[in-house]
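J.: Structure supplied as final37.cif; contents: mmCIF, C-alpha atoms.
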```cif
data_start
#
loop_
_atom_site.label_atom_id
_atom_site.label_comp_id
_atom_site.auth_asym_id
_atom_site.auth_seq_id
_atom_site.Cartn_x
_atom_site.Cartn_y
_atom_site.Cartn_z
CA MET A 1 4.78 50.47 63.86
CA GLU A 2 2.80 49.01 61.02
CA LEU A 3 4.59 46.31 59.05
CA ARG A 4 3.64 44.96 55.63
CA THR A 5 4.76 42.07 53.47
CA GLN A 6 6.61 42.73 50.20
CA GLU A 7 3.22 42.37 48.49
CA GLY A 8 1.82 45.16 50.69
CA LYS A 9 -0.32 42.96 52.94
CA LEU A 10 -0.64 44.15 56.55
CA ILE A 11 1.22 41.97 59.05
CA GLN A 12 -1.13 41.56 61.98
CA LEU A 13 0.40 39.51 64.81
CA GLU A 14 -2.38 40.06 67.34
CA PRO A 15 -6.14 40.06 66.84
CA ASN A 16 -7.65 43.57 66.62
CA PHE A 17 -4.23 45.26 66.82
CA TYR A 18 -2.51 46.56 63.72
CA TYR A 19 1.01 47.32 64.94
CA ALA A 20 3.66 44.61 64.71
CA HIS A 21 6.79 46.36 66.01
CA MET A 22 7.77 48.80 68.75
CA ALA A 23 10.71 51.11 69.34
CA ILE A 24 11.48 53.74 71.96
CA GLN A 25 13.04 57.13 71.30
CA VAL A 26 16.36 57.85 73.00
CA GLY A 27 17.52 61.36 72.21
CA ASN A 28 17.54 61.67 68.42
CA HIS A 29 17.65 57.90 67.88
CA TRP A 30 15.32 54.95 68.26
CA LEU A 31 16.08 51.84 70.30
CA HIS A 32 14.49 48.61 69.15
CA ALA A 33 15.01 44.86 69.06
CA ASN A 34 15.52 43.69 65.49
CA PRO A 35 15.19 39.98 64.62
CA ARG A 36 18.34 40.18 62.44
CA THR A 37 20.58 42.55 64.39
CA GLY A 38 19.36 42.43 67.99
CA VAL A 39 18.96 45.54 70.15
CA GLU A 40 20.29 48.62 68.41
CA LEU A 41 20.01 52.40 68.28
CA ILE A 42 19.03 53.64 64.82
CA SER A 43 17.89 56.84 63.12
CA VAL A 44 14.25 57.54 62.34
CA GLU A 45 15.09 57.03 58.65
CA GLN A 46 16.44 53.55 59.38
CA LEU A 47 13.37 52.77 61.47
CA GLU A 48 11.08 53.82 58.63
CA ARG A 49 12.81 51.30 56.34
CA ILE A 50 11.46 48.58 58.63
CA GLY A 51 7.87 49.80 58.65
CA LYS A 52 5.56 52.76 58.91
CA ILE A 53 5.51 54.70 62.15
CA LYS A 54 1.78 54.92 62.80
CA GLU A 55 1.67 56.20 66.37
CA VAL A 56 4.04 57.62 68.95
CA LEU A 57 3.10 57.63 72.61
CA GLU A 58 4.64 60.36 74.71
CA SER A 59 4.95 60.75 78.46
CA HIS A 60 5.13 64.02 80.34
CA GLN A 61 7.95 62.50 82.41
CA GLY A 62 10.47 62.42 79.58
CA GLN A 63 13.36 59.99 79.16
CA ASP A 64 15.19 60.46 82.44
CA GLU A 65 13.44 57.47 83.95
CA PHE A 66 14.95 54.92 81.55
CA VAL A 67 17.88 56.35 79.58
CA GLU A 68 20.48 55.06 82.08
CA ASP A 69 19.23 51.49 81.47
CA VAL A 70 19.77 51.59 77.68
CA PRO A 71 23.41 50.33 77.70
CA PHE A 72 22.31 47.18 79.56
CA PHE A 73 20.14 46.14 76.61
CA LEU A 74 22.27 47.31 73.66
CA LYS A 75 23.54 44.51 71.39
CA ARG A 76 21.46 41.81 73.09
CA PRO A 77 20.21 39.26 70.55
CA PHE A 78 16.56 39.10 69.52
CA ASP A 79 14.41 36.61 71.45
CA ASN A 80 12.49 34.47 68.97
CA GLU A 81 10.95 32.55 71.86
CA TYR A 82 9.41 35.66 73.44
CA SER A 83 10.55 34.80 76.95
CA TRP A 84 10.87 37.34 79.78
CA GLY A 85 14.59 36.77 80.44
CA ASP A 86 17.35 39.32 79.88
CA GLU A 87 19.79 37.30 77.74
CA LYS A 88 17.69 37.78 74.60
CA ILE A 89 14.95 40.37 74.12
CA TYR A 90 12.06 41.21 71.79
CA CYS A 91 10.70 44.64 70.90
CA SER A 92 7.77 45.04 73.29
CA GLU A 93 9.71 43.38 76.12
CA LEU A 94 12.47 45.96 75.64
CA VAL A 95 10.04 48.87 75.84
CA ALA A 96 8.19 47.34 78.81
CA LYS A 97 11.39 46.79 80.78
CA LEU A 98 12.68 50.29 80.09
CA LEU A 99 9.37 51.83 81.16
CA ARG A 100 9.03 49.45 84.11
CA VAL A 101 5.80 47.83 82.98
CA ALA A 102 5.29 44.48 84.68
CA PRO A 103 4.82 41.43 82.48
CA SER A 104 1.40 39.85 82.12
CA PRO A 105 0.29 36.42 80.94
CA MET A 106 0.86 36.07 77.21
CA HIS A 107 -1.82 34.70 74.93
CA PHE A 108 -1.05 33.38 71.48
CA ASP A 109 -3.51 32.71 68.69
CA GLU A 110 -3.18 28.94 68.34
CA ASN A 111 -3.76 29.11 64.58
CA PHE A 112 -1.16 31.80 63.94
CA TRP A 113 1.39 30.90 66.66
CA PRO A 114 0.99 27.11 67.14
CA ILE A 115 4.47 26.42 68.54
CA TRP A 116 4.42 29.46 70.82
CA PHE A 117 0.91 28.58 72.00
CA GLN A 118 2.06 25.13 73.06
CA LYS A 119 5.25 26.36 74.76
CA TYR A 120 4.47 29.81 76.14
CA GLU A 121 0.72 30.27 76.53
CA GLY A 122 0.09 32.00 79.86
CA LEU A 123 3.75 32.70 80.67
CA PRO A 124 4.81 36.28 81.55
CA GLY A 125 5.60 38.65 78.72
CA ALA A 126 4.65 41.89 77.00
CA SER A 127 2.66 41.96 73.79
CA PRO A 128 2.56 45.18 71.77
CA SER A 129 -1.22 45.51 72.20
CA LYS A 130 -1.18 45.01 75.97
CA LEU A 131 1.76 47.37 76.37
CA HIS A 132 0.07 49.99 74.20
CA LYS A 133 -3.07 49.74 76.34
CA GLU A 134 -1.07 49.95 79.59
CA LEU A 135 0.85 53.03 78.47
CA LYS A 136 -2.37 54.77 77.42
CA ALA A 137 -3.82 53.93 80.86
CA ARG A 138 -0.74 55.52 82.46
CA GLY A 139 -1.47 58.77 80.66
CA TYR A 140 0.78 58.48 77.63
CA ILE A 141 -0.66 60.48 74.76
CA SER A 142 -0.46 60.10 70.99
CA VAL A 143 1.56 62.82 69.31
CA LEU A 144 1.58 63.95 65.71
CA ARG A 145 4.31 62.50 63.52
CA GLN A 146 5.85 65.92 62.78
CA SER A 147 6.53 66.53 66.45
CA PHE A 148 9.03 63.69 66.87
CA VAL A 149 10.95 63.66 63.58
CA ASN A 150 14.02 65.87 63.42
#
```
If you convert what's in this file into structure tokens, what do you get?
T.:
Amino acid sequence: MELRTQEGKLIQLEPNFYYAHMAIQVGNHWLHANPRTGVELISVEQLERIGKIKEVLESHQGQDEFVEDVPFFLKRPFDNEYSWGDEKIYCSELVAKLLRVAPSPMHFDENFWPIWFQKYEGLPGASPSKLHKELKARGYISVLRQSFVN
């Protein structure tokens, strides 16, 4: 998802990657980790109040592979420290764990993320850009917006 400030400026959390939030479709709802409310299932309309859905990646395998794991993550608080534990969780970590994508060393822009750079540089995690790239490598394809909105 693309996020913007109230002034309309693009929020870019990673160099050369323009999406700042991720969610995963579960039936007719979207599961995501929200900084204010934690992990929750919401409608597409609620998701669009957060930001603009710019791309949806779809697998030929469907949701059977992860849907049984959804209750484990529901209502977990948001992880502002971006760690790989299960007590708290952030958006791309949630998607990675549901789709069984292994963590990789995280890299933080020292100018944009100074505290995180000092504390977490090189520790395991899942950034939206790396996860996006991994899913594309696994054969996930981009679908048109009209094909996933009910």
J.: Using only C-alpha atoms, find the one residue out of A:Val67, A:Ile115, A:Leu74, A:Cys91 that sits nearest to Ala33 of chain A.
T.: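 Result for the nearest residue to Ala33 of chain A: A:Cys91.
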J.: Quick one: residues within 12 Å of His132 of chain A, only C-alpha atoms, excluding same-chain residues fewer than 3 positions away - as an MDAnalysis selection string?
T.: chainID A and resid 1 17:23 55:58 92:93 95:96 99 101 126:129 135:142
J.: A:Val26, A:Val39, A:Leu3, A:Ile50: which is nearest Phe73 of chain A, counting all atoms listed in the file?
T.: A:Val39
J.: Which is closer to Gly8 of chain A than all the others in A:Lys119, A:Lys52, A:Arg36, A:His29, using all atoms listed in the file?
T.: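 Once distances to Gly8 of chain A are computed over all atoms listed in the file, the minimum belongs to A:Lys52.
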J.: So how many Å separate atom CA of Val143 of chain A and atom CA of Glu14 of chain A, to one decimal?
T.: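 Atom-to-atom, atom CA of Val143 of chain A to atom CA of Glu14 of chain A, that is 23.2 Å.
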J.: Please determine, counting only C-alpha atoms, which residue among A:Tyr120, A:Phe78, A:Trp113, A:Phe108 has the shortest atom-to-atom distance to Leu94 of chain A.
T.: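 Ranked by minimum distance to Leu94 of chain A, first place goes to A:Phe78.
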J.: If you measure from atom CA of Arg76 of chain A to atom CA of Glu40 of chain A, what distance in Å do you get, rounded to one decimal?
T.: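 A separation of 8.3 Å between them.
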J.: Which residue out of A:Glu65, A:Val70, A:Gly85, A:Ser59 has the minimum interatomic distance to Trp30 of chain A when all atoms listed in the file are used?
T.: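 Closest residue, counting all atoms listed in the file: A:Val70.
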J.: Hey, which of A:Lys88, A:Glu2, A:Lys75, A:Leu13 ends up closest to Arg49 of chain A? Count only C-alpha atoms.
T.: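 Counting only C-alpha atoms, the residue closest to Arg49 of chain A is A:Glu2.
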J.: Taking (5.6, 29.6, 72.3) in the file's coordinates as the center, which residues reach within 10 Å of it, counting only C-alpha atoms, put as a ChimeraX atom specification?
T.: /A:80-83,106-108,110,113-123
J.: Find the distance between atom CA of Pro124 of chain A and atom CA of Asp79 of chain A and write it in Å to one decimal.
T.: 13.9 Å
